[in-house]
Amino acid sequence: MPANTAPIYTLTPDTTTDNSTGMPQGKTAAAADYDGTGANNFLMHTAGANGSYVRTVVAKAKGTNVATVLRIYVNNGATNGTASNNGFVAEISLPATTASATAGTPEIEFPMEFALKAAHRLYGGLGTAVAAGWVFTVIGGQY
C-alpha cells in the first residue's frame, strides 16, 4: 500500500538567494571537482525540518565572465568536505558574458524539480574561475 496517496504541496514558498545562505553575492572562484568537496563550493539551499522541494535554479551574470559551468550537489546534512556525504546532481553550462550599459545579460533558468529530505542541502561550485561573478537563486518551497 502506498505511504502517500494524496498530493503533497509545499507549505512555505522559499526563494534562497546568495545573501540568505550567508555567502556574499557573486561567485567567482572555481571548485573544479565532481565530488562536492571543493573548498570554493557554496551553500545554495537547506531543507527544513520536513524537507523541501527545489523547483529551479536561476543564474545571473554580474558582468564580464569567461564561460564556465555550475556543478550542483546534494549533501546529506553532514560536512560537504567528505565525498561520501555528497551526490553529484547536474552540470549547467554558463556562457561567456560581456558587461553592457545598454543590453542586459539573460538569466539562465535550470529546472530541478525534486524533493530534498529534512536537513539535506544543495551546494554549487563553478568549474572555472570568473571575473565579475554569478548570482544564483534557488526557487522552491519548504514542506
# chains A, B, ... in the order shown; residues from 1 in each chain; ligands from 1
>>> residues_around(residues="A:Leu94", least_positions_apart="4", cutoff="8 Å", atoms="only C-alpha atoms", output="list in words")
Ala67, Thr68, Val69, Leu70 and Ile108 of chain A
>>> select_by_dssp(residues="stretch 55-100 of chain A", states="strand (DSSP E)", output="JSON, numbers by chain")
{"A": [55, 56, 57, 58, 59, 60, 61, 68, 69, 70, 71, 72, 73, 74, 75, 86, 87, 88, 89, 90, 91, 92, 93, 94]}
>>> residues_around(residues="A:Gly127", least_positions_apart="3", cutoff="12 Å", atoms="only C-alpha atoms", output="PyMOL selection string")
chain A and resi 27-34+36+38+40-41+66-72+91-94+124+130
>>> closest_residue(among="A:Glu107, A:Ala6, A:Ser100, A:Asn65", to="A:Thr137", atoms="only C-alpha atoms")
A:Glu107
>>> residues_around(residues="A:Thr56", least_positions_apart="3", cutoff="6 Å", atoms="only C-alpha atoms", output="PyMOL selection string")
chain A and resi 110-112+138-139
>>> closest_residue(among="A:Ala103, A:Leu11, A:Val89, A:Val135", to="A:Gly48", atoms="only C-alpha atoms")
A:Leu11
>>> atom_distance(atom1="atom CA of A:Thr10", atom2="atom CA of A:Met44")
18.4 Å
>>> atom_distance(atom1="atom CA of A:Ala115", atom2="atom CA of A:Gly26")
26.0 Å
>>> atom_distance(atom1="atom CA of A:Thr82", atom2="atom CA of A:Ala39")
11.3 Å
>>> closest_residue(among="A:Gln142, A:Thr97, A:Thr37, A:Thr15", to="A:Thr79", atoms="only C-alpha atoms")
A:Thr37
